[in-house]
>>> print(open('data-v3.txt').read())   # compact mmCIF, C-alpha atoms
# COMPACT_ATOMS: atom_id res chain seq x y z
CA MET A 3 82.18 88.35 84.88
CA ALA A 4 78.77 89.94 84.96
CA GLU A 5 77.43 92.27 82.29
CA GLN A 6 79.04 95.73 82.05
CA VAL A 7 77.55 98.24 84.51
CA TYR A 8 77.16 101.84 83.31
CA PHE A 9 77.23 105.14 85.20
CA GLU A 10 73.64 105.93 84.18
CA ASP A 11 72.37 102.71 85.70
CA VAL A 12 73.51 103.27 89.28
CA ALA A 13 72.35 105.54 92.10
CA GLU A 14 73.56 106.71 95.48
CA GLY A 15 72.46 104.33 98.21
CA GLN A 16 72.53 101.35 95.89
CA GLU A 17 74.25 98.20 97.09
CA ILE A 18 76.57 96.41 94.68
CA PRO A 19 76.47 92.61 94.29
CA LYS A 20 78.05 90.81 97.24
CA LEU A 21 81.07 88.56 96.97
CA ALA A 22 81.27 85.62 99.36
CA LYS A 23 84.64 84.26 100.49
CA ASN A 24 85.57 81.46 102.83
CA CYS A 25 89.29 80.87 103.39
CA SER A 26 90.64 77.38 103.77
CA SER A 27 94.02 77.05 105.48
CA GLN A 28 95.30 76.20 101.98
CA GLN A 29 94.14 79.57 100.66
CA LEU A 30 95.96 81.35 103.51
CA VAL A 31 99.17 79.51 102.63
CA MET A 32 98.70 80.48 98.98
CA TRP A 33 98.23 84.08 100.03
CA ALA A 34 101.37 83.94 102.20
CA ALA A 35 103.33 82.85 99.13
CA GLY A 36 101.57 85.22 96.72
CA SER A 37 101.92 88.28 98.93
CA GLY A 38 105.21 87.46 100.65
CA ASP A 39 103.66 87.78 104.12
CA PHE A 40 104.96 84.75 106.00
CA TYR A 41 103.94 85.82 109.51
CA GLN A 42 103.12 82.56 111.31
CA ILE A 43 99.90 83.75 112.99
CA HIS A 44 98.22 83.04 109.64
CA TYR A 45 99.09 79.35 109.28
CA ASP A 46 100.67 78.03 112.52
CA LYS A 47 97.99 77.45 115.17
CA ASP A 48 100.48 76.98 118.04
CA PHE A 49 102.29 80.16 117.10
CA ALA A 50 99.02 82.10 116.81
CA GLN A 51 97.85 80.88 120.22
CA GLY A 52 101.25 81.73 121.69
CA ASN A 53 100.55 85.28 120.53
CA GLY A 54 97.29 85.41 122.46
CA LEU A 55 95.05 84.66 119.49
CA LYS A 56 92.23 82.10 119.42
CA GLY A 57 93.77 80.40 116.41
CA THR A 58 95.13 81.30 113.00
CA ILE A 59 93.58 84.42 111.49
CA VAL A 60 92.97 85.60 107.94
CA HIS A 61 95.56 88.12 106.71
CA GLY A 62 94.22 91.67 106.82
CA ALA A 63 95.75 92.38 103.43
CA LEU A 64 93.90 89.41 101.94
CA LYS A 65 90.59 90.92 103.06
CA ASN A 66 91.66 94.18 101.42
CA ALA A 67 92.45 92.21 98.23
CA PHE A 68 89.00 90.56 98.51
CA LEU A 69 87.47 94.04 98.46
CA GLY A 70 89.60 94.77 95.38
CA HIS A 71 88.12 91.62 93.82
CA LEU A 72 84.58 92.75 94.71
CA LEU A 73 85.14 96.10 92.99
CA HIS A 74 87.06 94.74 90.01
CA ASP A 75 84.30 92.30 89.11
CA TRP A 76 81.62 94.92 89.57
CA VAL A 77 83.15 97.73 87.45
CA GLY A 78 83.75 95.28 84.57
CA ASP A 79 86.09 95.55 81.59
CA LYS A 80 85.36 99.22 80.95
CA GLY A 81 85.46 100.44 84.53
CA PHE A 82 88.50 101.30 86.65
CA VAL A 83 89.09 100.88 90.37
CA ARG A 84 90.88 104.10 91.30
CA ARG A 85 91.19 103.65 95.05
CA PHE A 86 90.17 101.24 97.76
CA SER A 87 91.00 101.00 101.41
CA CYS A 88 89.99 99.28 104.58
CA GLN A 89 90.88 99.13 108.23
CA TYR A 90 91.35 95.80 109.96
CA ARG A 91 89.00 96.24 112.90
CA GLY A 92 88.08 92.65 113.62
CA MET A 93 89.73 89.32 113.03
CA ASP A 94 88.36 86.77 110.61
CA TYR A 95 89.09 83.08 110.90
CA PRO A 96 89.60 80.33 108.33
CA ASN A 97 86.58 78.20 107.34
CA GLN A 98 84.12 80.99 108.08
CA GLU A 99 82.24 83.09 105.59
CA ILE A 100 83.59 86.53 104.81
CA ILE A 101 81.03 88.52 102.84
CA CYS A 102 82.42 91.44 100.83
CA ARG A 103 79.92 94.25 100.36
CA GLY A 104 79.67 97.78 99.04
CA VAL A 105 77.19 100.66 98.91
CA ILE A 106 77.41 103.70 96.61
CA THR A 107 77.67 106.85 98.72
CA LYS A 108 78.35 109.49 96.04
CA LYS A 109 77.85 109.73 92.28
CA TYR A 110 79.67 112.59 90.51
CA GLN A 111 81.66 113.71 87.49
CA GLU A 112 85.16 115.09 87.81
CA GLY A 113 87.87 115.73 85.22
CA GLY A 114 85.72 114.18 82.51
CA GLN A 115 85.30 110.96 84.49
CA ASN A 116 82.18 109.32 85.86
CA LEU A 117 83.03 108.55 89.45
CA LEU A 118 81.45 106.79 92.38
CA ASP A 119 82.50 106.75 96.01
CA LEU A 120 81.54 103.68 97.98
CA ASP A 121 81.58 102.37 101.50
CA ILE A 122 83.00 98.88 101.34
CA TRP A 123 83.47 96.27 104.01
CA THR A 124 83.87 92.62 104.89
CA GLU A 125 81.32 91.04 107.17
CA ASN A 126 81.72 88.04 109.47
CA PRO A 127 79.03 85.40 110.18
CA GLU A 128 77.78 87.52 113.12
CA GLY A 129 77.15 90.42 110.74
CA GLN A 130 80.00 92.52 112.14
CA LYS A 131 82.00 94.73 109.78
CA THR A 132 85.50 93.38 110.33
CA SER A 133 87.17 95.48 107.59
CA PRO A 134 85.33 98.72 106.89
CA GLY A 135 86.70 101.04 104.22
CA THR A 136 85.98 103.27 101.26
CA ALA A 137 86.60 103.21 97.52
CA THR A 138 86.42 105.34 94.39
CA VAL A 139 85.72 103.78 90.98
CA ALA A 140 85.19 105.11 87.45
CA LEU A 141 82.43 103.70 85.29
CA PRO A 142 81.82 104.04 81.55
CA SER A 143 78.88 106.06 80.22
CA ARG A 144 76.26 104.60 77.91
CA GLY A 145 76.88 107.66 75.73
CA GLY A 146 80.49 106.45 75.24
CA MET B 8 91.72 107.36 123.26
CA THR B 9 94.01 106.35 126.13
CA GLN B 10 97.70 107.14 125.89
CA PRO B 11 100.29 104.79 127.42
CA ASP B 12 102.07 106.07 130.54
CA GLN B 13 105.46 106.03 128.87
CA SER B 14 106.04 106.90 125.24
CA VAL B 15 108.13 104.55 123.11
CA ILE B 16 108.50 107.20 120.38
CA THR B 17 112.07 108.44 120.35
CA ASP B 18 113.64 111.57 118.84
CA GLU B 19 115.28 109.30 116.27
CA MET B 20 111.83 108.12 115.20
CA ARG B 21 110.37 111.65 115.06
CA GLN B 22 113.23 112.76 112.82
CA VAL B 23 112.47 110.22 110.08
CA VAL B 24 108.81 111.20 109.66
CA GLY B 25 108.29 112.40 106.10
CA LYS B 26 111.71 111.27 104.84
CA GLU B 27 111.74 109.15 101.72
CA SER B 28 113.46 105.75 101.93
CA GLU B 29 116.02 104.28 99.57
CA PRO B 30 114.26 102.77 96.55
CA VAL B 31 113.26 99.10 96.55
CA THR B 32 112.97 97.17 93.27
CA LEU B 33 109.95 94.93 92.74
CA GLU B 34 109.45 92.60 89.80
CA VAL B 35 106.06 91.86 88.30
CA ASP B 36 106.08 88.68 86.27
CA LYS B 37 103.48 86.39 84.79
CA THR B 38 103.88 83.67 87.40
CA SER B 39 103.75 86.06 90.34
CA CYS B 40 100.65 87.79 88.93
CA ARG B 41 98.90 84.45 88.52
CA MET B 42 99.88 83.30 91.98
CA PHE B 43 98.54 86.46 93.62
CA ALA B 44 95.27 86.39 91.66
CA ARG B 45 94.81 82.71 92.43
CA ALA B 46 95.36 83.29 96.16
CA VAL B 47 92.60 85.92 96.14
CA GLY B 48 90.29 83.74 94.05
CA HIS B 49 89.99 86.02 91.02
CA THR B 50 88.24 84.53 87.99
CA ASP B 51 88.85 87.28 85.38
CA LEU B 52 91.25 85.81 82.80
CA ILE B 53 93.13 89.13 82.41
CA PHE B 54 94.98 88.00 85.55
CA TYR B 55 95.99 84.61 84.10
CA ASP B 56 95.98 84.45 80.30
CA GLU B 57 98.32 86.69 78.35
CA ASP B 58 96.49 86.37 75.01
CA TYR B 59 93.18 87.16 76.67
CA ALA B 60 94.69 90.17 78.50
CA ARG B 61 96.07 91.46 75.17
CA SER B 62 92.65 91.01 73.55
CA LYS B 63 91.36 93.39 76.24
CA GLY B 64 94.00 95.99 75.39
CA TYR B 65 96.60 95.23 78.07
CA ARG B 66 100.32 94.78 77.42
CA SER B 67 100.39 91.44 79.23
CA ILE B 68 98.79 89.70 82.21
CA VAL B 69 97.41 92.31 84.61
CA ALA B 70 98.50 92.55 88.26
CA ALA B 71 95.33 92.06 90.34
CA PRO B 72 94.23 94.82 92.74
CA ALA B 73 96.75 95.20 95.61
CA TYR B 74 99.54 93.32 93.80
CA THR B 75 102.47 95.66 93.37
CA GLY B 76 105.17 93.17 92.49
CA THR B 77 107.53 91.08 94.55
CA PRO B 78 110.68 92.60 96.07
CA VAL B 79 113.87 91.14 94.68
CA TYR B 80 114.97 88.79 97.43
CA LYS B 81 118.57 88.51 98.53
CA PRO B 82 119.35 86.29 101.54
CA ALA B 83 121.58 88.79 103.29
CA GLU B 84 118.98 91.54 103.00
CA ALA B 85 115.94 89.82 104.47
CA ARG B 86 113.38 92.16 105.95
CA ALA B 87 112.69 92.12 109.65
CA VAL B 88 109.12 92.04 110.97
CA GLY B 89 108.02 95.61 111.66
CA GLU B 90 110.62 97.12 109.35
CA ILE B 91 109.37 99.99 107.20
CA GLY B 92 111.25 101.45 104.26
CA GLY B 93 114.50 99.88 105.44
CA LEU B 94 114.07 101.41 108.90
CA SER B 95 113.42 99.51 112.08
CA PHE B 96 113.31 100.96 115.55
CA SER B 97 113.90 99.49 118.93
CA VAL B 98 110.44 99.32 120.49
CA PRO B 99 109.43 97.09 123.41
CA TYR B 100 106.63 95.40 121.42
CA LYS B 101 107.29 92.16 119.58
CA ARG B 102 103.82 91.52 118.17
CA VAL B 103 102.72 93.05 114.92
CA LEU B 104 99.32 93.52 113.28
CA ASN B 105 98.36 95.16 110.02
CA GLY B 106 96.01 98.04 110.87
CA GLY B 107 94.76 99.02 107.44
CA THR B 108 95.66 99.52 103.81
CA GLU B 109 94.75 101.88 101.01
CA TYR B 110 95.68 101.47 97.34
CA GLU B 111 95.33 104.36 94.93
CA TYR B 112 95.74 103.37 91.28
CA LEU B 113 97.08 105.92 88.81
CA ASP B 114 97.66 103.32 86.09
CA THR B 115 97.55 99.58 85.47
CA ILE B 116 100.47 97.32 86.41
CA CYS B 117 101.20 94.44 84.02
CA ALA B 118 103.54 91.45 83.98
CA GLY B 119 106.95 92.54 82.71
CA ASP B 120 106.88 95.79 84.68
CA VAL B 121 109.70 96.55 87.07
CA LEU B 122 108.58 98.84 89.87
CA THR B 123 110.62 101.09 92.10
CA ALA B 124 109.10 101.83 95.48
CA THR B 125 110.00 104.52 97.97
CA THR B 126 108.39 104.72 101.38
CA ALA B 127 108.02 107.52 103.88
CA ILE B 128 106.75 107.12 107.42
CA THR B 129 103.93 109.62 107.77
CA SER B 130 103.19 109.38 111.51
CA PHE B 131 103.77 107.59 114.80
CA GLN B 132 100.88 107.41 117.26
CA GLU B 133 100.37 105.61 120.54
CA ARG B 134 97.27 104.35 122.30
CA VAL B 135 96.08 101.75 124.76
CA ALA B 136 93.50 99.35 123.33
CA SER B 137 92.11 95.96 124.28
CA LEU B 138 95.44 94.36 123.28
CA GLY B 139 97.34 96.72 125.60
CA PRO B 140 99.63 99.65 124.77
CA MET B 141 100.44 99.93 121.08
CA LEU B 142 102.49 101.89 118.61
CA ILE B 143 100.72 102.79 115.37
CA THR B 144 102.92 103.69 112.41
CA THR B 145 101.49 105.03 109.15
CA ARG B 146 103.43 105.07 105.91
CA GLU B 147 103.01 105.95 102.25
CA THR B 148 104.73 104.00 99.48
CA THR B 149 104.89 105.28 95.91
CA TYR B 150 105.45 102.71 93.16
CA LYS B 151 106.87 103.92 89.86
CA ASN B 152 107.19 101.78 86.76
CA GLN B 153 110.18 101.36 84.43
CA GLU B 154 109.15 104.55 82.61
CA GLY B 155 109.31 106.56 85.83
CA LYS B 156 105.53 106.94 85.97
CA ALA B 157 103.86 106.67 89.38
CA VAL B 158 101.35 103.82 89.08
CA VAL B 159 100.24 103.15 92.66
CA LYS B 160 100.32 104.88 96.01
CA MET B 161 99.87 102.60 99.00
CA ARG B 162 99.09 103.94 102.47
CA GLY B 163 99.50 101.45 105.28
CA THR B 164 99.07 101.28 109.03
CA LEU B 165 101.22 99.00 111.18
CA ILE B 166 100.35 98.16 114.79
CA GLN B 167 103.00 96.94 117.22
CA TYR B 168 101.90 95.85 120.69
>>> encode(input="data-v3.txt", output="structure tokens")
Amino acid sequence: MAEQVYFEDVAEGQEIPKLAKNCSSQQLVMWAAGSGDFYQIHYDKDFAQGNGLKGTIVHGALKNAFLGHLLHDWVGDKGFVRRFSCQYRGMDYPNQEIICRGVITKKYQEGGQNLLDLDIWTENPEGQKTSPGTATVALPSRGG
Amino acid sequence: MTQPDQSVITDEMRQVVGKESEPVTLEVDKTSCRMFARAVGHTDLIFYDEDYARSKGYRSIVAAPAYTGTPVYKPAEARAVGEIGGLSFSVPYKRVLNGGTEYEYLDTICAGDVLTATTAITSFQERVASLGPMLITTRETTYKNQEGKAVVKMRGTLIQY
């Protein structure tokens, strides 16, 4: 985990550190077991192709969890991920890079909390945003 | 947005919009938390090591973002693909895609928690996209912990085509 980030140190428009993922078929099987989503398009190539897909695809919910990972690591021990979402607009495939990214869109205080809204997304090797979404996180203040 | 020629949304479906489902029990245990975190690739030890999690002020191992426990499985009550909140409707589409997910955290979930989830369908929409005509169902699930406190709200979109 990186050093704690504080509310005072960030600004609107700032990009947060990227998180790179690349799913092996093994990771997709682990996710199937961990999440309870056993739909065969994610690990059975014949089944996926029988459903009109090019091959097996990465679970949408796993990409959402990747974005949760991105935010969790960034806000650190003293931060809190209040909300995160994404839409599954494009398919991602195993053994290809999935880059998780985020940009701060709004910095504000509400109910005594230091909050940030972000645009978050996953990006495929062609640079397309396959899972665009938004998030809200709370960060600690240097003043305590 | 193109609408299909014939709607697959029935009166029966319209009537359930907004109605809360029967509760579903989900268990959060140390092994299931670790398995989920490992599948995502998390490296923070609060998701794996109970002593470490306690040293950070948590009751036990923390459930990683988007892990809301595992439904108690009983063979006779297996869920069908496309089923939402115990409801499934007869639609002419057999393929299913996840359209999107939102998690709103009101509190932290830890190993040892037992969650109760209720789901309401919030809308049915139809459109024709590159995959053909599709039914888009949105839902909201509220997860409460053993103390009756709402800890997570999940909003999901299901696409059938």
>>> interface_residues(input="data-v3.txt", of="chain A", to="chain B", cutoff="6 Å", atoms="only C-alpha atoms", output="PyMOL selection string")
chain A and resi 29+32-33+36+67+70+84-90
>>> atom_distance(input="data-v3.txt", atom1="CA of Tyr100 (chain B)", atom2="CA of Val15 (chain B)")
9.4 Å
>>> residues_around(input="data-v3.txt", residues="region 24-27 of chain B", least_positions_apart="4", cutoff="10 Å", atoms="only C-alpha atoms", output="PDB file with C-alpha atoms, keeping the file's coordinate frame")
ATOM      1  CA  GLU B  19     115.280 109.300 116.270  1.00  0.00           C
ATOM      2  CA  MET B  20     111.830 108.120 115.200  1.00  0.00           C
ATOM      3  CA  GLY B  92     111.250 101.450 104.260  1.00  0.00           C
ATOM      4  CA  ALA B 124     109.100 101.830  95.480  1.00  0.00           C
ATOM      5  CA  THR B 125     110.000 104.520  97.970  1.00  0.00           C
ATOM      6  CA  THR B 126     108.390 104.720 101.380  1.00  0.00           C
ATOM      7  CA  ALA B 127     108.020 107.520 103.880  1.00  0.00           C
ATOM      8  CA  ILE B 128     106.750 107.120 107.420  1.00  0.00           C
ATOM      9  CA  THR B 129     103.930 109.620 107.770  1.00  0.00           C
ATOM     10  CA  SER B 130     103.190 109.380 111.510  1.00  0.00           C
ATOM     11  CA  PHE B 131     103.770 107.590 114.800  1.00  0.00           C
ATOM     12  CA  THR B 144     102.920 103.690 112.410  1.00  0.00           C
ATOM     13  CA  THR B 145     101.490 105.030 109.150  1.00  0.00           C
ATOM     14  CA  ARG B 146     103.430 105.070 105.910  1.00  0.00           C
ATOM     15  CA  GLU B 147     103.010 105.950 102.250  1.00  0.00           C
ATOM     16  CA  THR B 148     104.730 104.000  99.480  1.00  0.00           C
ATOM     17  CA  THR B 149     104.890 105.280  95.910  1.00  0.00           C
TER      18      THR B 149
END
>>> atom_distance(input="data-v3.txt", atom1="CA of Ile116 (chain B)", atom2="CA of Ala70 (chain B)")
5.5 Å
>>> residues_around(input="data-v3.txt", residues="Leu72 (chain A)", least_positions_apart="6", cutoff="8 Å", atoms="only C-alpha atoms", output="ChimeraX atom specification")
/A:20-21,102-103
>>> residues_near_point(input="data-v3.txt", point="(110.5, 103.1, 91.9)", cutoff="7 Å", atoms="all atoms listed in the file", output="list in words")
Pro30, Val31, Thr32, Leu122, Thr123, Ala124, Thr125, Tyr150, Lys151 and Asn152 of chain B
>>> closest_residue(input="data-v3.txt", among="A:Glu99, A:Leu117, A:Leu73, A:Asn66", to="Pro134 (chain A)", atoms="all atoms listed in the file")
A:Asn66
>>> atom_distance(input="data-v3.txt", atom1="CA of Thr138 (chain A)", atom2="CA of Ser62 (chain B)")
26.0 Å
>>> closest_residue(input="data-v3.txt", among="B:Val35, B:Ser97, B:Asp18, B:Arg66", to="Leu142 (chain B)", atoms="all atoms listed in the file")
B:Ser97
>>> residues_near_point(input="data-v3.txt", point="(101.9, 77.4, 108.5)", cutoff="10 Å", atoms="all atoms listed in the file", output="number ranges by chain")
A: 27-28, 30-31, 34, 40-50, 58
>>> closest_residue(input="data-v3.txt", among="A:His74, A:Gly145, A:Ile18, A:Gly104", to="Val69 (chain B)", atoms="only C-alpha atoms")
A:His74
>>> closest_residue(input="data-v3.txt", among="A:Gln115, A:Lys109, A:Asn126, A:Ala140", to="Gln16 (chain A)", atoms="all atoms listed in the file")
A:Lys109
>>> residues_around(input="data-v3.txt", residues="Thr124 (chain A)", least_positions_apart="3", cutoff="6 Å", atoms="all atoms listed in the file", output="PyMOL selection string")
chain A and resi 101-102+131-133
>>> residues_around(input="data-v3.txt", residues="Arg144 (chain A)", least_positions_apart="5", cutoff="12 Å", atoms="all atoms listed in the file", output="list in words")
Gln6, Val7, Tyr8, Phe9, Glu10, Asp11, Val12, Lys80 and Asn116 of chain A
>>> decode(input="data-v3.txt", residues="region 64-101 of chain A", atoms="N, CA and C atoms", output="short mmCIF file (atom, residue, chain, number, x, y, z; two decimals), in the first residue's frame")
data_model
loop_
_atom_site.label_atom_id
_atom_site.label_comp_id
_atom_site.auth_asym_id
_atom_site.auth_seq_id
_atom_site.Cartn_x
_atom_site.Cartn_y
_atom_site.Cartn_z
N LEU A 64 -16.25 -8.49 -12.10
CA LEU A 64 -14.83 -8.51 -11.72
C LEU A 64 -14.18 -7.17 -12.05
N LYS A 65 -14.57 -6.60 -13.20
CA LYS A 65 -14.01 -5.28 -13.56
C LYS A 65 -14.47 -4.23 -12.56
N ASN A 66 -15.73 -4.35 -12.10
CA ASN A 66 -16.22 -3.45 -11.06
C ASN A 66 -15.40 -3.63 -9.78
N ALA A 67 -15.11 -4.88 -9.43
CA ALA A 67 -14.30 -5.15 -8.23
C ALA A 67 -12.87 -4.63 -8.42
N PHE A 68 -12.35 -4.67 -9.65
CA PHE A 68 -11.03 -4.09 -9.94
C PHE A 68 -11.05 -2.59 -9.63
N LEU A 69 -12.14 -1.94 -10.02
CA LEU A 69 -12.24 -0.50 -9.74
C LEU A 69 -12.32 -0.25 -8.23
N GLY A 70 -12.98 -1.17 -7.51
CA GLY A 70 -12.98 -1.10 -6.05
C GLY A 70 -11.58 -1.24 -5.49
N HIS A 71 -10.78 -2.13 -6.10
CA HIS A 71 -9.39 -2.32 -5.69
C HIS A 71 -8.58 -1.04 -5.93
N LEU A 72 -8.76 -0.47 -7.12
CA LEU A 72 -8.08 0.80 -7.46
C LEU A 72 -8.33 1.85 -6.38
N LEU A 73 -9.60 2.01 -6.02
CA LEU A 73 -9.98 3.06 -5.06
C LEU A 73 -9.53 2.71 -3.65
N HIS A 74 -9.68 1.45 -3.27
CA HIS A 74 -9.28 1.03 -1.92
C HIS A 74 -7.80 1.32 -1.68
N ASP A 75 -6.97 0.95 -2.64
CA ASP A 75 -5.53 1.14 -2.47
C ASP A 75 -5.18 2.63 -2.44
N TRP A 76 -5.93 3.41 -3.22
CA TRP A 76 -5.60 4.83 -3.28
C TRP A 76 -6.01 5.57 -2.01
N VAL A 77 -7.19 5.30 -1.46
CA VAL A 77 -7.66 6.07 -0.29
C VAL A 77 -6.90 5.67 0.98
N GLY A 78 -6.25 4.50 0.98
CA GLY A 78 -5.40 4.10 2.11
C GLY A 78 -6.20 3.73 3.36
N ASP A 79 -5.44 3.47 4.43
CA ASP A 79 -6.03 3.00 5.69
C ASP A 79 -7.06 3.97 6.26
N LYS A 80 -6.82 5.27 6.09
CA LYS A 80 -7.68 6.26 6.74
C LYS A 80 -8.78 6.79 5.83
N GLY A 81 -8.80 6.36 4.60
CA GLY A 81 -9.86 6.79 3.69
C GLY A 81 -11.00 5.78 3.67
N PHE A 82 -12.08 6.12 2.98
CA PHE A 82 -13.23 5.21 2.90
C PHE A 82 -13.87 5.34 1.52
N VAL A 83 -14.06 4.20 0.87
CA VAL A 83 -14.73 4.18 -0.43
C VAL A 83 -16.23 4.13 -0.17
N ARG A 84 -16.93 5.24 -0.41
CA ARG A 84 -18.35 5.30 -0.09
C ARG A 84 -19.22 4.71 -1.19
N ARG A 85 -18.81 4.86 -2.42
CA ARG A 85 -19.66 4.43 -3.53
C ARG A 85 -18.80 4.25 -4.77
N PHE A 86 -19.07 3.21 -5.53
CA PHE A 86 -18.42 3.09 -6.84
C PHE A 86 -19.33 2.31 -7.76
N SER A 87 -19.28 2.68 -9.02
CA SER A 87 -20.17 2.04 -9.98
C SER A 87 -19.50 2.00 -11.33
N CYS A 88 -19.97 1.11 -12.16
CA CYS A 88 -19.57 1.18 -13.57
C CYS A 88 -20.60 0.46 -14.42
N GLN A 89 -20.59 0.82 -15.69
CA GLN A 89 -21.42 0.15 -16.68
C GLN A 89 -20.50 -0.72 -17.52
N TYR A 90 -21.04 -1.87 -17.96
CA TYR A 90 -20.23 -2.78 -18.76
C TYR A 90 -20.52 -2.52 -20.23
N ARG A 91 -19.76 -1.60 -20.81
CA ARG A 91 -20.02 -1.14 -22.18
C ARG A 91 -19.31 -1.98 -23.22
N GLY A 92 -18.15 -2.47 -22.86
CA GLY A 92 -17.36 -3.24 -23.82
C GLY A 92 -16.81 -4.48 -23.15
N MET A 93 -16.60 -5.51 -23.93
CA MET A 93 -16.10 -6.75 -23.36
C MET A 93 -14.58 -6.71 -23.25
N ASP A 94 -14.08 -7.33 -22.21
CA ASP A 94 -12.64 -7.52 -22.06
C ASP A 94 -12.37 -9.02 -22.08
N TYR A 95 -11.19 -9.36 -22.58
CA TYR A 95 -10.85 -10.76 -22.78
C TYR A 95 -9.70 -11.17 -21.88
N PRO A 96 -9.59 -12.47 -21.57
CA PRO A 96 -8.46 -12.92 -20.76
C PRO A 96 -7.14 -12.67 -21.49
N ASN A 97 -6.06 -12.58 -20.72
CA ASN A 97 -4.71 -12.39 -21.24
C ASN A 97 -4.54 -11.09 -22.03
N GLN A 98 -5.30 -10.08 -21.64
CA GLN A 98 -5.14 -8.75 -22.21
C GLN A 98 -5.12 -7.77 -21.05
N GLU A 99 -4.37 -6.70 -21.22
CA GLU A 99 -4.32 -5.72 -20.14
C GLU A 99 -5.64 -5.00 -19.95
N ILE A 100 -6.00 -4.83 -18.69
CA ILE A 100 -7.15 -4.01 -18.31
C ILE A 100 -6.57 -2.96 -17.36
N ILE A 101 -6.55 -1.72 -17.80
CA ILE A 101 -5.99 -0.66 -16.96
C ILE A 101 -7.13 0.05 -16.24
#
